[in-house]
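What follows is a single structure, written as structure tokens, with notes after it.
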Amino acid sequence: MKDIKDMLFSLCTCCTAGKVREASDVAAEEMRKYCETVVKSENNMSFYGVLKGKKDYTLMLDAHIDEVSFVVTDIDENGFLTVSNAGGIDIRTLPSKCVLIHGKERTKGVFISTPPHLSSGETEYDDISAVKIDTCLGAKAKDLISLGDIVTYDVEPKQLIDTRVTGKSLDDRAGVTVLLELAKRLKDKELPINVVFSVVDGEELGMRGAQVATFGISPDEAVAIDVSFAVAPDVSAEEGGYISKGGMIGVSPILDREITNKLNTIAFDKKINYQNEVMGGKTGTDSDVISLSAKGVRTGLVSIPLRNMHTDCEIIDLADIKSTCDILEEYILSGGIMNV
Amino acid sequence: MFDTLRDLCCLDATSGNETSVREYIISKVKDYCNIKTDNLGNLICFRKGKNPTERKIMLDAHMDEVGLIIKAITPDGFLKFATVGGIDTSVLMCRRVKIENGIYGVIGCKPIHLSGDEERKHLPKTENLYIDIGAENRNQAEEFVSVGDRAVIVSEYTEIGDKIISKALDDRIGCAVLIDLIKNYDEYDYYAVFSVQEEVGCRGSKTATFALEPDSAIVIEGTTAADISCVPSDKQVCALGNGVAVSFMDRATVYDREYYNFALNSEIACQPKRAVAGGNNAGVIHLSKTGVRTLALSVPCRYIHSASSVADKNDILSAAHMARFMIKSIAEKKV
């Protein structure tokens with residue numbers, strides 16, 4: 001579990017959002033240790049690694065490396081920034097939160113909070129442009145920061161009780177960690193099929209990275225690995241799965257039923273922790289667009305349960321990453337649904 | 001002084017739990033003054049000067065900070081809490097917290113995908129929030145946390161140019177100023193009180209002042225600065241970089257007018273606090289026994305009572321200069 005934790009923490013300590021690509025570079029560097037072929041996209045922050053198998057049949061695994069972030073839309077003479085969100089963000093969680101501003105130099109900033117003497121308790125949080133960022137730079141802000149610069153959460157990952165961890169961008173660095181861990185486990189094994197580990201950009205803005213990456217890779221089948229809602233005091237059992245109870249194998253009209261069934265069977269037979277997440281249609285993950293790529297791709301989904309999604313206080317259990325790897329390793333070694 | 005301030009801000013000391021800050025201060029000042037800790041935990045330091053004074057002068061800064069106290073553990077292993085001191089719900093949602101035994105947790109919130117548009121416009125009630133330490137259930141949580149444990153919101157002390165971002169600037173700034181004073185200023189006798197429980201009703205200063213019976217008091221505080229873009233200038237109270245703020249009146253005190261005018265007309269960088277809002281230890285000090293002539297020197301802090309308050313080093317230096325100037329002026333009966 002320590003390897004998984006170290007990998008995840010190194011990915012969550014840096015960012016990939018907009019044109020900032022650190023996390024993507026760290027992940028690609030790691031992937032190169034296991035895959036001879038690693039191809040970086042020329043158009044965005046995506047890349048993929050390849051492990052060759054016996055048959056000319058390709059299973060693509062997908063996880064996204066981008067994170068929810070902010071983009072600077074105005075800079076005033078006193079050094080306060082107006083931002084827009086890139087990805088869904090609850091404005092109520094922002095006041096007094098620290099951020100990193102990726103300008104000419106990387107600087108810290110803090111979202112303003114309403115001073116107590118002006119706080120009526122009636123404030124409506126419906127406009128992110130009202131929550132300025134204080135750069136503490138005064139008039140100098142304009143020299144260091146430009147419109148369009150990216151702003152990300154500023155928090156280091158931290159271990160909680162047992163194998164549970166908290167941090168930003170666990171959505172979906174947890175999935176990227178699954179891909180890296182699988183590449184590591186499988187690099188010296190004889191594989192029945194080709195496996196492409198596709199680490200993509202742009203999920204938080206509408207699965208843009210997966211759309212173009214999948215078109216280029218043109219796989220025979222695919223499984224997306226993302227995160228999904230975990231039960232908490234304000235999230236019911238109908239809305240999510242349980243943290244620490246295993247990867248959530250997706251069941252949905254848009255997902256390939258054979259893939260879903262085989263993943264379920266493997267987990268059940270091998271006594272690996274798993275749970276099902278049943279959705280009535282689109283899943284809100286890369287699998288929605290992967291399945292529609294080119295002439296269509298048979299696609300499955302495994303999600304890692306996560307609390308406080310899209311905040312810098314996300315929580316997952318490393319054990320759920322491991323059990324997801326265990327299921328997918330068996331799935332790959334048994335040839336996916338090539339013969340189904 | 002700023003190294004001391006950094007050390008002080010990184011200590012966690014919610015009201016009633018000031019031990020770590022008290023011990024740190026003792027280690028810094030013990031060679032310079034006589035120290036006594038009273039029944040409530042106030043640290044009362046007598047600094048012998050080169051000259052005695054006819055008037056007994058007391059300075060006050062409080063050691064405690066706002067925070068949380070664990071009230072209950074739910075069957076699912078989540079922690080319910082109350083705030084210790086005034087904390088707006090907007091700076092609680094979705095924060096990382098540190099509980100006193102070193103356990104970390106986060107204040108959870110519903111994912112944006114699952115909350116409705118109307119729900120998202122309004123803050124939840126603080127009593128509906130909870131801390132998630134990653135425990136599976138109450139039994140596991142109880143291995144690490146007990147009801148009554150204190151917690152603070154995690155923050156990282158950061159300097160950007162002359163600006164400081166940190167939790168607890170209110171009132172570790174005052175503590176740092178008084179430590180610096182004790183170490184470096186010995187022209188006249190004075191008492192420095194590092195008080196407890198300011199954030200829960202100015203309780204420490206009440207007993208310390210009763211015991212000391214001072215003639216004059218100077219409170220060193222942090223106060224709200226709303227010099228941010230979207231606030232009209234008449235509501236900004238005071239501004240970072242314009243010097244220490246001197247109060248004429250707040251919700252707890254009408255300050256000694258002569259002291260106020262004398263400080264404001266000095267050569268030291270200062271500004272009036274332009275609002276009748278808030279209150280501090282001056283409220284109990286100026287009413288102690290038969291009354292005490294009292295002055296408040298406040299360092300402007302943006303986002304006060306949040307884990308990311310912002311202050312300006314120049315204002316802290318002004319507060320330190322002003323404290324020396326006022327001790328000297330009061331001792332020499334210039335005011």
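Residue numbering restarts at 1 for every chain of the structure tokens, chains are lettered A, B, ... in their displayed order, and ligands are numbered from 1 as they appear.
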Counting only C-alpha atoms, a student should be able to say which residues of chain B come within 7 Å of chain A; what is the right answer, written as a PyMOL selection string? chain B and resi 90-91+93-96+104-106+108-112+120-123+133-135+160+163+224+226+229+277+303-304+306-308
I need the residues from that last selection saved to file as an mmCIF file, in the first residue's frame (with C-alpha atoms), if you can.
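Saved to part-v6.cif:
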```
data_model
loop_
_atom_site.group_PDB
_atom_site.id
_atom_site.type_symbol
_atom_site.label_atom_id
_atom_site.label_comp_id
_atom_site.auth_asym_id
_atom_site.auth_seq_id
_atom_site.Cartn_x
_atom_site.Cartn_y
_atom_site.Cartn_z
ATOM 1 C CA SER B 90 -18.341 30.535 5.525
ATOM 2 C CA VAL B 91 -14.778 29.929 6.732
ATOM 3 C CA MET B 93 -17.069 24.641 5.233
ATOM 4 C CA CYS B 94 -14.659 22.205 3.749
ATOM 5 C CA ARG B 95 -11.571 22.972 5.858
ATOM 6 C CA ARG B 96 -8.823 20.697 7.092
ATOM 7 C CA TYR B 104 -6.258 15.429 11.191
ATOM 8 C CA GLY B 105 -9.723 15.603 9.726
ATOM 9 C CA VAL B 106 -11.808 17.671 7.333
ATOM 10 C CA GLY B 108 -17.154 17.623 5.086
ATOM 11 C CA CYS B 109 -19.586 19.047 2.575
ATOM 12 C CA LYS B 110 -21.986 17.674 0.034
ATOM 13 C CA PRO B 111 -20.540 17.339 -3.476
ATOM 14 C CA ILE B 112 -21.655 20.156 -5.782
ATOM 15 C CA ARG B 120 -25.877 26.097 -2.847
ATOM 16 C CA LYS B 121 -26.734 29.789 -2.462
ATOM 17 C CA HIS B 122 -26.998 29.681 1.315
ATOM 18 C CA LEU B 123 -24.618 28.576 4.027
ATOM 19 C CA ILE B 133 -11.361 11.883 10.394
ATOM 20 C CA GLY B 134 -11.747 8.854 8.130
ATOM 21 C CA ALA B 135 -13.035 6.649 10.942
ATOM 22 C CA ILE B 160 4.414 37.597 0.786
ATOM 23 C CA LYS B 163 2.242 40.707 4.241
ATOM 24 C CA THR B 224 -10.855 43.686 11.375
ATOM 25 C CA ALA B 226 -12.081 45.464 5.351
ATOM 26 C CA SER B 229 -11.998 45.846 -3.327
ATOM 27 C CA ALA B 277 -17.827 47.511 16.163
ATOM 28 C CA TYR B 303 -10.237 37.998 7.176
ATOM 29 C CA ILE B 304 -9.898 38.020 10.959
ATOM 30 C CA SER B 306 -10.353 32.783 9.659
ATOM 31 C CA ALA B 307 -7.380 30.482 9.150
ATOM 32 C CA SER B 308 -6.011 32.882 6.534
#
```
Residues of segment 148-180 of chain A classed as strand (DSSP E or B) by DSSP on the backbone are to be reported as a ChimeraX atom specification. /A:150-153,158-159,164-167
If we count only C-alpha atoms and set the cut-off at 6 Å, which residues sit around segment 27-44 of chain B, ignoring sequence neighbours fewer than 2 positions away in its own chain? Please answer as number ranges by chain. B: 24-25, 46-47, 193-196
Can you pull out the residues contacting Arg185 of chain A? Cut-off 12 Å, using only C-alpha atoms, and skip same-chain residues under 3 positions away; I want them as a PyMOL selection string. chain A and resi 3-4+31+33-35+51+178-182+188-191+322+325-326+328-330+332-333
Suppose we keep N, CA and C atoms; can you now write the selection as a PDB file, in the first residue's frame?
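Below is the file out-v9.pdb, written as the result:
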```
ATOM      1  N   ASP A   3       3.547   1.953  -1.746  1.00  0.00           N
ATOM      2  CA  ASP A   3       3.838   2.403  -3.114  1.00  0.00           C
ATOM      3  C   ASP A   3       2.663   3.199  -3.682  1.00  0.00           C
ATOM      4  N   ILE A   4       1.470   2.675  -3.433  1.00  0.00           N
ATOM      5  CA  ILE A   4       0.272   3.353  -3.941  1.00  0.00           C
ATOM      6  C   ILE A   4       0.155   4.727  -3.298  1.00  0.00           C
ATOM      7  N   MET A  31       5.258   6.442 -15.825  1.00  0.00           N
ATOM      8  CA  MET A  31       4.785   5.463 -16.818  1.00  0.00           C
ATOM      9  C   MET A  31       5.955   4.942 -17.656  1.00  0.00           C
ATOM     10  N   LYS A  33       8.823   4.197 -16.742  1.00  0.00           N
ATOM     11  CA  LYS A  33       9.541   3.123 -16.043  1.00  0.00           C
ATOM     12  C   LYS A  33       8.978   1.752 -16.418  1.00  0.00           C
ATOM     13  N   TYR A  34       7.733   1.719 -16.853  1.00  0.00           N
ATOM     14  CA  TYR A  34       7.063   0.432 -17.073  1.00  0.00           C
ATOM     15  C   TYR A  34       6.749   0.168 -18.540  1.00  0.00           C
ATOM     16  N   CYS A  35       6.602   1.223 -19.325  1.00  0.00           N
ATOM     17  CA  CYS A  35       6.195   1.065 -20.720  1.00  0.00           C
ATOM     18  C   CYS A  35       7.287   1.609 -21.637  1.00  0.00           C
ATOM     19  N   LEU A  51       1.549  -1.436 -23.261  1.00  0.00           N
ATOM     20  CA  LEU A  51       2.154  -2.753 -23.006  1.00  0.00           C
ATOM     21  C   LEU A  51       1.604  -3.699 -24.067  1.00  0.00           C
ATOM     22  N   VAL A 178      -4.179   4.076 -10.232  1.00  0.00           N
ATOM     23  CA  VAL A 178      -4.571   2.711 -10.616  1.00  0.00           C
ATOM     24  C   VAL A 178      -3.849   2.316 -11.912  1.00  0.00           C
ATOM     25  N   LEU A 179      -3.834   3.220 -12.892  1.00  0.00           N
ATOM     26  CA  LEU A 179      -3.181   2.912 -14.176  1.00  0.00           C
ATOM     27  C   LEU A 179      -1.676   2.674 -13.988  1.00  0.00           C
ATOM     28  N   LEU A 180      -1.038   3.517 -13.194  1.00  0.00           N
ATOM     29  CA  LEU A 180       0.412   3.375 -12.984  1.00  0.00           C
ATOM     30  C   LEU A 180       0.726   2.085 -12.224  1.00  0.00           C
ATOM     31  N   GLU A 181      -0.083   1.789 -11.220  1.00  0.00           N
ATOM     32  CA  GLU A 181       0.127   0.571 -10.428  1.00  0.00           C
ATOM     33  C   GLU A 181      -0.073  -0.669 -11.322  1.00  0.00           C
ATOM     34  N   LEU A 182      -1.054  -0.643 -12.208  1.00  0.00           N
ATOM     35  CA  LEU A 182      -1.291  -1.778 -13.107  1.00  0.00           C
ATOM     36  C   LEU A 182      -0.128  -1.933 -14.088  1.00  0.00           C
ATOM     37  N   ASP A 188       6.247  -7.058 -16.739  1.00  0.00           N
ATOM     38  CA  ASP A 188       7.042  -8.240 -17.062  1.00  0.00           C
ATOM     39  C   ASP A 188       6.186  -9.481 -17.279  1.00  0.00           C
ATOM     40  N   LYS A 189       4.893  -9.288 -17.320  1.00  0.00           N
ATOM     41  CA  LYS A 189       4.006 -10.450 -17.476  1.00  0.00           C
ATOM     42  C   LYS A 189       3.647 -10.647 -18.948  1.00  0.00           C
ATOM     43  N   GLU A 190       3.331 -11.896 -19.290  1.00  0.00           N
ATOM     44  CA  GLU A 190       2.873 -12.192 -20.648  1.00  0.00           C
ATOM     45  C   GLU A 190       1.399 -11.830 -20.735  1.00  0.00           C
ATOM     46  N   LEU A 191       1.077 -10.883 -21.582  1.00  0.00           N
ATOM     47  CA  LEU A 191      -0.299 -10.400 -21.644  1.00  0.00           C
ATOM     48  C   LEU A 191      -1.013 -10.993 -22.850  1.00  0.00           C
ATOM     49  N   LYS A 322      -6.317  -0.152  -4.252  1.00  0.00           N
ATOM     50  CA  LYS A 322      -5.693  -1.470  -4.381  1.00  0.00           C
ATOM     51  C   LYS A 322      -6.701  -2.499  -4.892  1.00  0.00           C
ATOM     52  N   CYS A 325      -7.288  -2.132  -8.515  1.00  0.00           N
ATOM     53  CA  CYS A 325      -6.160  -2.686  -9.271  1.00  0.00           C
ATOM     54  C   CYS A 325      -6.267  -4.210  -9.350  1.00  0.00           C
ATOM     55  N   ASP A 326      -6.631  -4.829  -8.228  1.00  0.00           N
ATOM     56  CA  ASP A 326      -6.715  -6.294  -8.188  1.00  0.00           C
ATOM     57  C   ASP A 326      -7.734  -6.821  -9.201  1.00  0.00           C
ATOM     58  N   LEU A 328      -8.883  -5.249 -11.914  1.00  0.00           N
ATOM     59  CA  LEU A 328      -8.495  -4.954 -13.302  1.00  0.00           C
ATOM     60  C   LEU A 328      -7.300  -5.805 -13.745  1.00  0.00           C
ATOM     61  N   GLU A 329      -6.417  -6.132 -12.842  1.00  0.00           N
ATOM     62  CA  GLU A 329      -5.279  -6.989 -13.197  1.00  0.00           C
ATOM     63  C   GLU A 329      -5.790  -8.349 -13.684  1.00  0.00           C
ATOM     64  N   GLU A 330      -6.714  -8.916 -12.919  1.00  0.00           N
ATOM     65  CA  GLU A 330      -7.313 -10.199 -13.321  1.00  0.00           C
ATOM     66  C   GLU A 330      -8.050 -10.056 -14.652  1.00  0.00           C
ATOM     67  N   ILE A 332      -7.475  -7.996 -17.123  1.00  0.00           N
ATOM     68  CA  ILE A 332      -6.535  -7.885 -18.242  1.00  0.00           C
ATOM     69  C   ILE A 332      -5.915  -9.252 -18.537  1.00  0.00           C
ATOM     70  N   LEU A 333      -5.466  -9.941 -17.494  1.00  0.00           N
ATOM     71  CA  LEU A 333      -4.790 -11.232 -17.679  1.00  0.00           C
ATOM     72  C   LEU A 333      -5.731 -12.281 -18.273  1.00  0.00           C
TER      73      LEU A 333
END
```
Please identify every residue of segment 59-134 of chain B that has at least one atom no farther than 6 Å from an atom of segment 138-156 of chain B, counting only C-alpha atoms, and for each give the shortest atom pair and the distance in Å to one decimal, arranged by chain then increasing number, as JSON lines.
```
{"residue": "B:Gly67", "atom": "CA", "partner": "B:Val152", "partner_atom": "CA", "distance": 4.8}
{"residue": "B:Leu68", "atom": "CA", "partner": "B:Ala151", "partner_atom": "CA", "distance": 4.9}
{"residue": "B:Ile69", "atom": "CA", "partner": "B:Arg150", "partner_atom": "CA", "distance": 4.4}
{"residue": "B:Ile70", "atom": "CA", "partner": "B:Gly148", "partner_atom": "CA", "distance": 5.1}
{"residue": "B:Lys71", "atom": "CA", "partner": "B:Val147", "partner_atom": "CA", "distance": 5.4}
{"residue": "B:Ala72", "atom": "CA", "partner": "B:Val147", "partner_atom": "CA", "distance": 5.7}
{"residue": "B:Pro75", "atom": "CA", "partner": "B:Arg138", "partner_atom": "CA", "distance": 4.9}
{"residue": "B:Asp76", "atom": "CA", "partner": "B:Arg138", "partner_atom": "CA", "distance": 5.7}
{"residue": "B:Gly77", "atom": "CA", "partner": "B:Arg138", "partner_atom": "CA", "distance": 4.0}
{"residue": "B:Arg96", "atom": "CA", "partner": "B:Val154", "partner_atom": "CA", "distance": 5.7}
{"residue": "B:Val97", "atom": "CA", "partner": "B:Ile153", "partner_atom": "CA", "distance": 4.3}
{"residue": "B:Lys98", "atom": "CA", "partner": "B:Ala151", "partner_atom": "CA", "distance": 5.4}
{"residue": "B:Ile99", "atom": "CA", "partner": "B:Ala151", "partner_atom": "CA", "distance": 4.1}
{"residue": "B:Glu100", "atom": "CA", "partner": "B:Arg150", "partner_atom": "CA", "distance": 5.6}
```
Can you spit out the residues from that selection as a short mmCIF file (atom, residue, chain, number, x, y, z; two decimals), in the first residue's frame, using N, CA and C atoms?
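File again-v3.cif, as written:
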```
data_model
loop_
_atom_site.label_atom_id
_atom_site.label_comp_id
_atom_site.auth_asym_id
_atom_site.auth_seq_id
_atom_site.Cartn_x
_atom_site.Cartn_y
_atom_site.Cartn_z
N GLY B 67 -11.42 28.53 17.66
CA GLY B 67 -11.24 27.15 17.21
C GLY B 67 -12.52 26.36 17.38
N LEU B 68 -12.37 25.06 17.54
CA LEU B 68 -13.52 24.16 17.63
C LEU B 68 -13.37 23.26 18.86
N ILE B 69 -14.49 22.76 19.36
CA ILE B 69 -14.46 21.78 20.45
C ILE B 69 -15.40 20.63 20.07
N ILE B 70 -14.90 19.39 20.22
CA ILE B 70 -15.68 18.22 19.80
C ILE B 70 -16.78 17.96 20.83
N LYS B 71 -18.04 17.89 20.33
CA LYS B 71 -19.18 17.73 21.23
C LYS B 71 -19.68 16.30 21.29
N ALA B 72 -19.59 15.59 20.18
CA ALA B 72 -20.17 14.24 20.13
C ALA B 72 -19.57 13.48 18.96
N PRO B 75 -22.68 7.58 15.45
CA PRO B 75 -22.48 6.13 15.28
C PRO B 75 -21.61 5.81 14.05
N ASP B 76 -21.67 6.67 13.02
CA ASP B 76 -20.88 6.44 11.81
C ASP B 76 -19.44 6.94 11.95
N GLY B 77 -19.09 7.51 13.09
CA GLY B 77 -17.70 7.93 13.32
C GLY B 77 -17.39 9.36 12.93
N ARG B 96 -9.58 21.73 6.38
CA ARG B 96 -8.82 20.70 7.09
C ARG B 96 -8.64 21.17 8.53
N VAL B 97 -8.84 20.28 9.48
CA VAL B 97 -8.68 20.65 10.88
C VAL B 97 -7.67 19.73 11.56
N LYS B 98 -7.05 20.24 12.62
CA LYS B 98 -6.12 19.45 13.40
C LYS B 98 -6.66 19.37 14.82
N ILE B 99 -6.84 18.16 15.30
CA ILE B 99 -7.36 17.95 16.65
C ILE B 99 -6.17 17.88 17.60
N GLU B 100 -6.39 18.17 18.88
CA GLU B 100 -5.25 18.46 19.75
C GLU B 100 -4.24 17.33 19.90
#
```
Which neighbours of Cys10 of chain B fall inside 8 Å, counting only C-alpha atoms, when residues of the same chain fewer than 3 positions from it are skipped, and could you give them as a PyMOL selection string? chain B and resi 6-7+156-157
Extract, using only C-alpha atoms, all DNA, RNA and protein residues at most 7 Å from Leu8 of chain A, discarding same-chain residues fewer than 4 positions from it, and format them as a ChimeraX atom specification. /A:4,12,173-174,177
From the list B:Val219, B:Ala239, B:Ala82, B:Val292, which residue is nearest Asn280 of chain B when using only C-alpha atoms?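 Result for the nearest residue to Asn280 of chain B: B:Val219.
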